[in-house]
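Structure file final_10.tsv (TSV, C-alpha atoms) follows.
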chain	number	residue	atom	x	y	z
A	476	MET	CA	123.95	85.39	302.62
A	477	ARG	CA	123.97	87.21	305.92
A	478	ARG	CA	122.55	90.36	304.29
A	479	VAL	CA	119.74	88.33	302.72
A	480	SER	CA	118.96	86.73	306.06
A	481	VAL	CA	118.73	90.11	307.77
A	482	LEU	CA	116.44	91.46	305.07
A	483	GLY	CA	114.23	88.38	305.42
A	484	SER	CA	113.97	88.83	309.18
A	485	VAL	CA	113.03	92.49	308.78
A	486	THR	CA	110.34	91.56	306.26
A	487	LEU	CA	108.87	88.96	308.60
A	488	LEU	CA	108.93	91.46	311.47
A	489	ILE	CA	107.05	94.06	309.40
A	490	LEU	CA	104.42	91.49	308.34
A	491	TYR	CA	103.98	90.38	311.95
A	492	LEU	CA	103.55	93.94	313.18
A	493	ARG	CA	100.98	94.68	310.48
A	494	PHE	CA	99.01	91.50	311.28
A	495	SER	CA	99.10	91.97	315.04
A	496	SER	CA	97.92	95.55	314.77
A	497	SER	CA	94.83	94.41	312.85
A	498	VAL	CA	93.87	91.66	315.31
A	499	VAL	CA	91.03	92.51	317.71
A	500	THR	CA	91.23	91.02	321.19
A	501	CYS	CA	88.89	88.07	321.54
A	502	PRO	CA	86.92	87.70	324.80
A	503	PRO	CA	88.60	84.94	326.83
A	504	GLU	CA	85.32	83.01	327.10
A	505	CYS	CA	84.89	83.00	323.31
A	506	ILE	CA	86.43	81.48	320.23
A	507	CYS	CA	86.99	83.96	317.42
A	508	LEU	CA	87.17	81.83	314.29
A	509	SER	CA	87.62	85.05	312.37
A	510	GLN	CA	86.73	88.69	312.69
A	511	SER	CA	83.31	87.82	311.23
A	512	GLN	CA	82.49	84.66	313.22
A	513	VAL	CA	82.58	84.47	317.02
A	514	LEU	CA	81.43	81.63	319.27
A	515	CYS	CA	80.77	82.33	322.95
A	516	ASN	CA	79.01	79.10	323.89
A	517	THR	CA	78.89	77.66	327.43
A	518	GLY	CA	81.41	80.30	328.47
A	519	GLY	CA	79.74	81.28	331.71
A	520	LEU	CA	79.25	84.88	330.55
A	521	THR	CA	77.07	87.03	332.78
A	522	GLU	CA	77.00	89.99	330.42
A	523	ILE	CA	77.44	90.52	326.70
A	524	PRO	CA	81.15	91.31	326.07
A	525	LEU	CA	80.26	94.07	323.65
A	526	LYS	CA	83.49	96.10	323.97
A	527	MET	CA	85.70	93.09	323.30
A	528	LEU	CA	83.85	91.81	320.23
A	529	PRO	CA	85.15	92.75	316.78
A	530	SER	CA	82.87	95.35	315.23
A	531	THR	CA	83.04	93.36	311.99
A	532	VAL	CA	81.37	90.25	313.44
A	533	GLU	CA	78.63	88.82	311.22
A	534	HIS	CA	77.78	85.55	312.98
A	535	LEU	CA	77.63	85.68	316.79
A	536	SER	CA	76.63	82.76	318.98
A	537	LEU	CA	76.06	83.43	322.70
A	538	THR	CA	74.37	80.18	323.70
A	539	LYS	CA	74.18	78.61	327.16
A	540	ASN	CA	75.44	81.58	329.16
A	541	HIS	CA	73.78	83.58	331.95
A	542	PHE	CA	71.98	86.62	330.53
A	543	PRO	CA	68.77	87.08	332.54
A	544	VAL	CA	68.09	90.48	330.95
A	545	ILE	CA	68.69	91.67	327.39
A	546	ARG	CA	68.87	95.42	327.80
A	547	SER	CA	67.84	98.13	325.36
A	548	ASP	CA	70.44	98.64	322.60
A	549	ALA	CA	72.33	95.60	323.89
A	550	PHE	CA	74.25	95.10	320.65
A	551	THR	CA	74.99	98.69	319.66
A	552	GLY	CA	77.92	98.99	317.28
A	553	LEU	CA	77.64	95.52	315.70
A	554	ARG	CA	76.25	96.93	312.47
A	555	HIS	CA	77.59	94.05	310.35
A	556	LEU	CA	75.80	91.38	312.41
A	557	ARG	CA	73.71	89.04	310.26
A	558	LYS	CA	73.01	86.06	312.53
A	559	LEU	CA	72.60	86.09	316.31
A	560	SER	CA	71.87	83.13	318.58
A	561	LEU	CA	70.94	83.50	322.25
A	562	ASP	CA	69.61	79.96	322.72
A	563	GLY	CA	69.84	78.18	326.05
A	564	ASN	CA	70.34	81.27	328.21
A	565	ASN	CA	68.34	82.08	331.35
A	566	ILE	CA	66.68	85.07	329.66
A	567	SER	CA	63.62	86.25	331.57
A	568	THR	CA	63.30	89.81	330.22
A	569	ILE	CA	63.88	91.51	326.88
A	570	LYS	CA	63.79	95.29	327.19
A	571	PRO	CA	62.25	97.55	324.52
A	572	PHE	CA	64.44	98.05	321.43
A	573	ALA	CA	66.93	95.44	322.65
A	574	PHE	CA	68.11	94.80	319.08
A	575	ARG	CA	68.06	98.33	317.74
A	576	GLY	CA	70.98	99.38	315.57
A	577	LEU	CA	71.40	96.05	313.74
A	578	PRO	CA	70.49	97.01	310.15
A	579	ARG	CA	71.90	93.84	308.57
A	580	LEU	CA	70.55	91.27	311.03
A	581	ARG	CA	68.73	88.50	309.14
A	582	GLU	CA	68.23	85.72	311.70
A	583	LEU	CA	67.62	85.95	315.44
A	584	SER	CA	67.19	82.84	317.57
A	585	ILE	CA	66.09	82.91	321.22
A	586	GLN	CA	65.00	79.38	322.08
A	587	HIS	CA	65.05	77.08	325.12
A	588	THR	CA	64.96	79.94	327.64
A	589	PRO	CA	62.63	80.79	330.57
A	590	LEU	CA	61.31	83.89	328.75
A	591	THR	CA	57.63	84.33	329.72
A	592	THR	CA	56.59	87.51	327.89
A	593	VAL	CA	57.25	88.96	324.47
A	594	ALA	CA	57.14	92.50	325.77
A	595	GLN	CA	56.01	95.67	324.04
A	596	PHE	CA	58.65	96.88	321.53
A	597	ALA	CA	61.03	94.05	322.47
A	598	PHE	CA	61.70	93.27	318.80
A	599	ALA	CA	60.92	96.71	317.43
A	600	GLY	CA	62.90	98.24	314.60
A	601	LEU	CA	64.42	95.12	313.01
A	602	GLN	CA	63.71	96.33	309.50
A	603	ASN	CA	65.60	93.73	307.48
A	604	ILE	CA	65.30	90.59	309.59
A	605	THR	CA	63.87	87.52	307.84
A	606	ALA	CA	63.58	84.96	310.68
A	607	ILE	CA	62.75	85.32	314.37
A	608	LEU	CA	62.83	81.98	316.19
A	609	LEU	CA	61.14	81.99	319.61
A	610	GLY	CA	60.28	78.32	319.98
A	611	HIS	CA	60.62	76.18	323.10
A	612	ASN	CA	60.46	79.00	325.65
A	613	LYS	CA	58.01	79.68	328.50
A	614	ILE	CA	56.17	82.48	326.71
A	615	GLN	CA	52.66	83.00	328.08
A	616	LYS	CA	51.83	86.38	326.58
A	617	VAL	CA	52.58	88.42	323.47
A	618	GLU	CA	52.07	92.11	324.25
A	619	GLY	CA	50.87	94.77	321.86
A	620	TYR	CA	53.40	96.21	319.41
A	621	ALA	CA	56.06	93.67	320.36
A	622	PHE	CA	57.26	93.67	316.74
A	623	ALA	CA	56.52	97.29	315.84
A	624	GLY	CA	58.44	98.47	312.80
A	625	THR	CA	59.88	95.02	312.18
A	626	SER	CA	59.18	94.42	308.51
A	627	ASN	CA	60.26	91.79	305.99
A	628	VAL	CA	60.05	88.85	308.43
A	629	ARG	CA	59.56	85.67	306.45
A	630	LEU	CA	59.34	83.28	309.39
A	631	LEU	CA	58.12	83.92	312.94
A	632	LEU	CA	58.14	80.80	315.10
A	633	LEU	CA	56.38	80.71	318.46
A	634	ASN	CA	55.94	76.95	318.62
A	635	ASN	CA	56.19	74.98	321.88
A	636	ASN	CA	55.31	77.87	324.16
A	637	PRO	CA	52.48	77.88	326.74
A	638	ILE	CA	50.98	81.07	325.31
A	639	GLN	CA	47.76	82.00	327.09
A	640	LYS	CA	47.05	85.43	325.65
A	641	VAL	CA	47.71	87.36	322.44
A	642	GLU	CA	47.07	91.04	323.11
A	643	THR	CA	45.65	93.72	320.84
A	644	SER	CA	48.08	94.70	318.03
A	645	ALA	CA	50.54	91.99	319.10
A	646	PHE	CA	51.78	91.55	315.52
A	647	SER	CA	51.29	95.10	314.30
A	648	GLY	CA	54.06	96.23	311.98
A	649	LEU	CA	54.91	92.82	310.58
A	650	THR	CA	54.67	92.67	306.79
A	651	ASN	CA	55.54	90.08	304.17
A	652	VAL	CA	55.52	87.20	306.67
A	653	GLU	CA	55.51	83.85	304.91
A	654	HIS	CA	54.68	81.75	307.99
A	655	LEU	CA	53.26	82.78	311.36
A	656	LEU	CA	52.93	79.60	313.40
A	657	LEU	CA	51.36	79.95	316.84
A	658	PRO	CA	51.54	77.24	319.51
A	659	SER	CA	48.74	75.15	320.92
A	660	GLY	CA	46.85	76.06	324.08
A	661	ILE	CA	46.09	79.75	323.46
A	662	LYS	CA	43.19	80.75	325.73
A	663	SER	CA	42.57	84.35	324.65
A	664	LEU	CA	42.84	86.18	321.34
A	665	GLU	CA	42.10	89.80	322.15
A	666	PRO	CA	40.15	92.04	319.74
A	667	ASP	CA	42.45	93.40	317.00
A	668	ALA	CA	45.12	90.83	317.93
A	669	PHE	CA	46.20	90.68	314.28
A	670	SER	CA	45.59	94.33	313.42
A	671	GLY	CA	48.33	95.78	311.23
A	672	LEU	CA	49.59	92.38	310.10
A	673	ASP	CA	49.84	92.59	306.34
A	674	SER	CA	50.85	90.28	303.49
A	675	VAL	CA	51.11	86.85	305.13
A	676	GLY	CA	51.48	83.49	303.47
A	677	LEU	CA	50.12	81.27	306.27
A	678	ILE	CA	48.67	81.99	309.70
A	679	LYS	CA	48.09	78.76	311.58
A	680	LEU	CA	46.07	78.77	314.81
A	681	PRO	CA	45.93	75.18	316.12
A	682	PHE	CA	44.68	73.59	319.35
A	683	MET	CA	43.35	76.75	320.99
A	684	ASP	CA	41.16	76.61	324.08
A	685	LEU	CA	38.95	79.68	323.80
A	686	GLN	CA	35.79	80.66	325.61
A	687	ALA	CA	34.88	82.69	322.56
A	688	LEU	CA	36.18	83.95	319.26
A	689	LYS	CA	35.70	87.60	320.20
A	690	PRO	CA	34.37	90.49	318.12
A	691	HIS	CA	37.01	92.04	315.85
A	692	THR	CA	39.56	89.31	316.52
A	693	PHE	CA	40.81	89.56	312.93
A	694	ARG	CA	40.09	93.22	312.22
A	695	GLY	CA	42.97	94.89	310.37
A	696	LEU	CA	44.41	91.61	309.08
A	697	SER	CA	44.91	91.79	305.34
A	698	HIS	CA	46.36	90.00	302.33
A	699	VAL	CA	46.66	86.51	303.79
A	700	HIS	CA	47.03	83.50	301.52
A	701	VAL	CA	45.76	80.98	304.12
A	702	LEU	CA	44.18	81.66	307.52
A	703	ALA	CA	43.80	78.29	309.25
A	704	ILE	CA	41.82	77.84	312.48
A	705	GLN	CA	41.95	74.18	313.39
A	706	GLU	CA	41.69	71.48	316.05
A	707	SER	CA	40.48	74.04	318.60
A	708	ASP	CA	37.73	74.64	321.11
A	709	LEU	CA	36.36	77.95	319.81
A	710	GLY	CA	33.55	78.33	322.33
A	711	THR	CA	31.11	80.83	320.85
A	712	ILE	CA	31.85	82.59	317.58
A	713	LYS	CA	30.74	86.08	318.55
A	714	SER	CA	29.16	88.69	316.30
A	715	GLY	CA	31.82	90.52	314.32
A	716	ALA	CA	34.59	87.96	314.92
A	717	PHE	CA	35.59	88.10	311.24
A	718	GLU	CA	34.62	91.71	310.66
A	719	GLY	CA	37.38	93.91	309.27
A	720	LEU	CA	39.67	91.31	307.71
A	721	ALA	CA	40.35	91.72	304.00
A	722	HIS	CA	41.87	89.95	301.01
A	723	ILE	CA	41.96	86.38	302.33
A	724	GLY	CA	42.81	83.65	299.81
A	725	SER	CA	41.47	80.77	301.88
A	726	LEU	CA	39.75	80.79	305.28
A	727	ASN	CA	40.07	77.23	306.61
A	728	ILE	CA	38.03	76.28	309.67
A	729	TYR	CA	38.94	72.65	310.32
A	730	ASN	CA	38.03	70.11	313.01
A	731	ASN	CA	36.97	72.51	315.74
A	732	LYS	CA	34.43	72.24	318.54
A	733	ILE	CA	32.01	75.15	318.38
A	734	ASP	CA	29.47	75.70	321.14
A	735	SER	CA	27.41	78.16	319.14
A	736	ILE	CA	27.59	80.77	316.39
A	737	GLN	CA	26.17	84.20	317.14
A	738	GLU	CA	27.20	85.45	313.73
A	739	PHE	CA	29.30	84.25	310.82
A	740	HIS	CA	29.16	87.03	308.25
A	741	ILE	CA	31.58	87.27	305.34
A	742	LYS	CA	30.76	90.23	303.11
A	743	TYR	CA	31.91	91.45	299.72
A	744	VAL	CA	34.19	93.97	301.40
A	745	ASN	CA	36.13	91.15	303.11
A	746	LYS	CA	37.25	89.81	299.71
A	747	VAL	CA	37.50	86.18	300.80
A	748	LYS	CA	37.99	83.80	297.88
A	749	ILE	CA	37.56	80.39	299.51
A	750	ILE	CA	35.94	79.19	302.74
A	751	ARG	CA	36.52	75.63	303.85
A	752	PHE	CA	34.33	74.64	306.81
A	753	HIS	CA	35.33	71.01	307.39
A	754	GLY	CA	35.10	68.48	310.18
A	755	ASN	CA	33.65	70.77	312.84
A	756	HIS	CA	31.33	69.73	315.67
A	757	LEU	CA	28.62	72.25	316.55
A	758	LEU	CA	26.71	71.85	319.79
A	759	GLU	CA	24.07	74.34	318.66
A	760	ALA	CA	22.85	74.67	315.09
A	761	PRO	CA	23.07	78.19	313.63
A	762	LYS	CA	19.71	79.93	313.51
A	763	ALA	CA	18.19	81.71	310.53
A	764	GLY	CA	20.26	84.71	309.44
A	765	VAL	CA	23.26	83.82	311.60
A	766	VAL	CA	25.35	82.68	308.62
A	767	ALA	CA	25.63	85.14	305.73
A	768	ILE	CA	28.27	84.75	303.05
A	769	GLN	CA	28.83	87.10	300.11
A	770	GLY	CA	31.40	87.30	297.33
A	771	VAL	CA	33.07	83.96	298.04
A	772	GLU	CA	34.14	81.99	294.96
A	773	THR	CA	34.10	78.60	296.72
A	774	LEU	CA	32.26	77.61	299.89
A	775	SER	CA	33.07	74.04	300.90
A	776	VAL	CA	31.12	72.62	303.84
A	777	THR	CA	31.79	68.96	304.51
A	778	ALA	CA	32.27	66.32	307.24
A	779	ASN	CA	30.70	68.53	309.90
A	780	HIS	CA	28.34	67.41	312.66
A	781	PHE	CA	25.30	69.61	313.31
A	782	PRO	CA	22.38	69.23	315.73
A	783	CYS	CA	19.49	67.88	313.66
A	784	ASP	CA	16.79	69.66	315.61
A	785	CYS	CA	14.21	72.25	314.68
A	786	ASN	CA	16.98	74.57	313.37
A	787	ILE	CA	17.84	72.07	310.62
A	788	HIS	CA	15.51	73.94	308.26
A	789	ALA	CA	17.38	77.22	308.70
A	790	LEU	CA	20.67	75.36	308.19
A	791	LEU	CA	19.54	73.73	304.95
A	792	GLU	CA	18.03	76.93	303.60
A	793	GLY	CA	21.08	79.04	304.50
A	794	PRO	CA	24.52	79.43	302.88
A	795	PHE	CA	25.96	76.25	304.42
A	796	GLY	CA	23.13	74.12	303.07
A	797	ASN	CA	23.56	75.66	299.63
A	798	SER	CA	27.36	75.48	299.56
A	799	THR	CA	29.43	74.69	296.48
A	800	GLY	CA	28.88	71.18	295.16
A	801	GLY	CA	25.24	70.80	296.18
A	802	ASP	CA	25.80	67.62	298.22
A	803	PHE	CA	25.59	69.14	301.69
A	804	LYS	CA	23.13	66.56	303.03
A	805	THR	CA	25.23	63.55	302.10
A	806	LYS	CA	28.55	64.95	303.33
A	807	ASN	CA	27.44	66.36	306.68
A	808	PHE	CA	26.10	64.55	309.72
A	809	CYS	CA	23.97	64.76	312.84
A	810	ILE	CA	25.51	65.15	316.28
A	811	SER	CA	22.14	65.10	318.06
A	812	PRO	CA	19.53	63.91	319.00
A	813	LEU	CA	21.14	60.72	320.20
A	814	ASP	CA	19.07	58.41	318.01
A	815	VAL	CA	20.44	60.03	314.82
A	816	ASN	CA	23.99	60.70	316.02
A	817	GLY	CA	26.46	59.95	313.24
A	818	LYS	CA	23.85	59.66	310.52
A	819	ALA	CA	24.14	61.67	307.32
A	820	ILE	CA	21.60	64.48	307.15
A	821	ALA	CA	20.40	62.91	303.89
A	822	GLU	CA	19.06	59.96	305.89
A	823	LEU	CA	16.62	62.12	307.82
A	824	GLU	CA	13.02	62.81	306.97
A	825	VAL	CA	13.58	66.52	307.32
A	826	ASP	CA	9.98	67.41	306.51
A	827	SER	CA	8.86	65.51	309.59
A	828	ILE	CA	10.99	67.71	311.88
A	829	ALA	CA	8.96	70.65	313.17
A	830	ARG	CA	10.35	74.12	312.70
A	831	CYS	CA	11.44	76.03	315.78
A	832	GLN	CA	8.71	78.05	317.48
A	833	GLU	CA	10.80	81.19	316.94
A	834	GLU	CA	10.77	80.59	313.18
A	835	VAL	CA	7.06	79.86	313.16
A	836	THR	CA	6.22	82.95	315.18
A	837	ARG	CA	8.41	85.18	313.03
A	838	GLY	CA	6.95	83.69	309.88
A	839	ASN	CA	3.38	84.21	311.09
A	840	TRP	CA	4.06	87.71	312.32
A	841	ASP	CA	5.52	88.66	308.92
A	842	ALA	CA	2.67	86.97	307.07
A	843	PRO	CA	0.40	89.19	304.89
A	844	SER	CA	-2.97	90.32	306.24
A	845	SER	CA	-4.66	87.97	303.76
A	846	ALA	CA	-4.01	85.13	306.24
A	847	PRO	CA	-5.59	86.42	309.48
A	848	GLY	CA	-6.68	82.94	310.52
A	849	VAL	CA	-3.12	81.75	311.09
A	850	VAL	CA	-2.19	84.76	313.22
A	851	SER	CA	-5.46	84.45	315.12
A	852	ALA	CA	-4.78	80.78	315.82
A	853	CYS	CA	-1.31	81.59	317.19
A	854	LEU	CA	-2.68	84.35	319.41
A	855	THR	CA	-5.42	82.05	320.65
A	856	SER	CA	-2.81	79.40	321.57
A	857	VAL	CA	-0.78	81.94	323.51
A	858	VAL	CA	-3.87	83.14	325.42
A	859	LEU	CA	-4.84	79.57	326.31
A	860	MET	CA	-1.30	78.85	327.59
A	861	VAL	CA	-1.37	81.97	329.78
A	862	MET	CA	-4.80	81.05	331.16
A	863	ARG	CA	-3.71	77.49	331.98
A	864	ALA	CA	-0.62	78.79	333.72
A	865	GLY	CA	-2.78	81.12	335.77
A	866	VAL	CA	-5.14	78.34	336.81
A	867	SER	CA	-2.29	76.11	337.90

Once you've parsed the file, please lay out its structure as structure tokens.
Amino acid sequence: MRRVSVLGSVTLLILYLRFSSSVVTCPPECICLSQSQVLCNTGGLTEIPLKMLPSTVEHLSLTKNHFPVIRSDAFTGLRHLRKLSLDGNNISTIKPFAFRGLPRLRELSIQHTPLTTVAQFAFAGLQNITAILLGHNKIQKVEGYAFAGTSNVRLLLLNNNPIQKVETSAFSGLTNVEHLLLPSGIKSLEPDAFSGLDSVGLIKLPFMDLQALKPHTFRGLSHVHVLAIQESDLGTIKSGAFEGLAHIGSLNIYNNKIDSIQEFHIKYVNKVKIIRFHGNHLLEAPKAGVVAIQGVETLSVTANHFPCDCNIHALLEGPFGNSTGGDFKTKNFCISPLDVNGKAIAELEVDSIARCQEEVTRGNWDAPSSAPGVVSACLTSVVLMVMRAGVS
């Protein structure tokens, strides 16, 4: 019996030694549930305890600590890491390539922090990540190439941030994104802001406050299932705003206030299948030639409010007035003049509304020489107006 007892003790000692030699020291502020799951929440950490973490960790939570700066290569060596949470920290700066060397990382969450800028190359090189959650921060600006080389993202959340400006090439390098949801209140989309963004399910741009939709805003954006611009003050839609985008399933422009349209041209090369122009309020009706739409399978224009002034003729004769369905007049309304505000365009006696002088002049100038009397009459009117002005 005694010999058996001794053998049993030796066996237990060997097992203990083997187990203890395989155990990695856990940071005192953390709870190591296993060598693959470590929780360092509300631990008062002032730096990432990289040397004390098991290299085999897959799920790492570092929430509610004190990391004002995430340095470049901050997680070097944690090549098995799949999920990382940095929520609730006082992060103000993320250095370039902060998350480099994490080939298996799938989900990264940095939320509820005072972070103000998504800096250039901050999230560069995350080749296999599927979700980047940046909601509920203080982000005011997304710099160019912030996500360079970060492919295969399915979800990029920037909701509940006071973003003011999206710089040129801010999303360059992102591919196969299923949802790109931007917050409300954006004041500036720089030219080429979406350049290099390829293969997106949904881009949603709600509640923006723009002075203008600038030229080449969407240049380089391609293969998007739905591009939704909605509930925003777009200011002026400048010439070339939609130039350079390609392969758009549905371009939805919903419930916006638009001061004026300098140009809204969709060409065959843009390969847009559907345009839905619904519920918008235009302070100035588009003039002749301003709207030109080619190669679109479905153009739906409904529930909009247009000025019913002398430009109404150009509107009705243009692409909007001849949109799919043929009921433009009954489904769109007047915003001005005041006496017809809210009325369907179908209720107007359009023929009684005079054409704009610009249209008349252009039409007369382009008229054939067989109608010299009309041109002569116009010239005579101009001369009389000049003479009267001189007398007064």

key: Test item: residues at most 12 Å from range 525-535 of chain A, only C-alpha atoms, excluding those fewer than 6 positions along its chain, as an MDAnalysis selection string   = chainID A and resid 497:516 548:562 577:584

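For the pair CA of Arg575 in chain A and CA of Ile604 in chain A, the interatomic distance is 11.6 Å.
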
Need the shell around range 613-623 of chain A: protein/DNA/RNA residues with any atom at most 9 Å away, counting only C-alpha atoms. Skip same-chain ones fewer than 6 positions apart. Format as a JSON list (two decimals) with C-alpha atoms, keeping the file's coordinate frame?
[["chain", "number", "residue", "atom", "x", "y", "z"],
["A", 571, "PRO", "CA", 62.25, 97.55, 324.52],
["A", 587, "HIS", "CA", 65.05, 77.08, 325.12],
["A", 588, "THR", "CA", 64.96, 79.94, 327.64],
["A", 589, "PRO", "CA", 62.63, 80.79, 330.57],
["A", 590, "LEU", "CA", 61.31, 83.89, 328.75],
["A", 591, "THR", "CA", 57.63, 84.33, 329.72],
["A", 592, "THR", "CA", 56.59, 87.51, 327.89],
["A", 593, "VAL", "CA", 57.25, 88.96, 324.47],
["A", 594, "ALA", "CA", 57.14, 92.50, 325.77],
["A", 595, "GLN", "CA", 56.01, 95.67, 324.04],
["A", 596, "PHE", "CA", 58.65, 96.88, 321.53],
["A", 597, "ALA", "CA", 61.03, 94.05, 322.47],
["A", 598, "PHE", "CA", 61.70, 93.27, 318.80],
["A", 599, "ALA", "CA", 60.92, 96.71, 317.43],
["A", 600, "GLY", "CA", 62.90, 98.24, 314.60],
["A", 601, "LEU", "CA", 64.42, 95.12, 313.01],
["A", 633, "LEU", "CA", 56.38, 80.71, 318.46],
["A", 635, "ASN", "CA", 56.19, 74.98, 321.88],
["A", 636, "ASN", "CA", 55.31, 77.87, 324.16],
["A", 637, "PRO", "CA", 52.48, 77.88, 326.74],
["A", 638, "ILE", "CA", 50.98, 81.07, 325.31],
["A", 639, "GLN", "CA", 47.76, 82.00, 327.09],
["A", 640, "LYS", "CA", 47.05, 85.43, 325.65],
["A", 641, "VAL", "CA", 47.71, 87.36, 322.44],
["A", 642, "GLU", "CA", 47.07, 91.04, 323.11],
["A", 643, "THR", "CA", 45.65, 93.72, 320.84],
["A", 644, "SER", "CA", 48.08, 94.70, 318.03],
["A", 645, "ALA", "CA", 50.54, 91.99, 319.10],
["A", 646, "PHE", "CA", 51.78, 91.55, 315.52],
["A", 647, "SER", "CA", 51.29, 95.10, 314.30],
["A", 648, "GLY", "CA", 54.06, 96.23, 311.98],
["A", 649, "LEU", "CA", 54.91, 92.82, 310.58],
["A", 661, "ILE", "CA", 46.09, 79.75, 323.46],
["A", 668, "ALA", "CA", 45.12, 90.83, 317.93]]

Interatomic distance (Å, one decimal) between CA of Pro690 in chain A and CA of Lys713 in chain A = 5.7 Å

inquiry  = Just want the 8 Å neighbourhood of Gly817 in chain A, counted on all atoms listed in the file, with same-chain residues fewer than 6 positions away dropped. Output as a list in words.
reply    = His780, Phe808, Cys809 and Ile810 of chain A

query = Out of A:Pro524, A:Pro543, A:Gly624, A:Pro812, which residue has the shortest atom-to-atom distance to Pro782 in chain A when counting all atoms listed in the file?
reply = A:Pro812

key: Residue neighbourhood Val825 in chain A, 9 Å, all atoms listed in the file, exclusion window fewer than 4 positions, as a PyMOL selection string   = chain A and resi 783+787-788+820-821+829

Output as a tab-separated table one row per residue of range 705-739 of chain A within 6 Å of range 755-779 of chain A: the closest atom pair and its distance in Å to one decimal place, counting all atoms listed in the file, sorted by chain and residue number ascending.
residue	atom	partner	partner_atom	distance
A:Asn730	CA	A:Asn755	CA	4.4
A:Asn731	CA	A:Asn755	CA	4.7
A:Lys732	CA	A:His756	CA	4.9
A:Ile733	CA	A:Leu757	CA	4.8
A:Asp734	CA	A:Leu758	CA	4.9
A:Ser735	CA	A:Glu759	CA	5.1
A:Ile736	CA	A:Pro761	CA	5.9
A:Glu738	CA	A:Val765	CA	4.8
A:Phe739	CA	A:Val766	CA	4.8

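What separates CA of Thr805 in chain A from CA of Val701 in chain A is a distance of 27.0 Å.
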
Taking every listed atom of range 737-741 of chain A and adding 4 Å to each side, what centre and edge lengths in Å (one decimal) does the axis-aligned box have, as AutoDock Vina command-line options?
--center_x 28.9 --center_y 85.7 --center_z 311.2 --size_x 13.4 --size_y 11.1 --size_z 19.8

Neighbour list for Ala703 in chain A as a PyMOL selection string, cut-off 9 Å, all atoms listed in the file, skip fewer than 4 positions in-chain = chain A and resi 677-681+725-729

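Counting all atoms listed in the file, the residue from A:Ser659, A:Asn745, A:Gln586, A:Gln737 that sits nearest to Glu706 in chain A is A:Ser659.
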
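Across A:Asp708, A:His700, A:Phe669, A:Asn565, the tightest approach to Leu720 in chain A is made by A:Phe669 when counting all atoms listed in the file.
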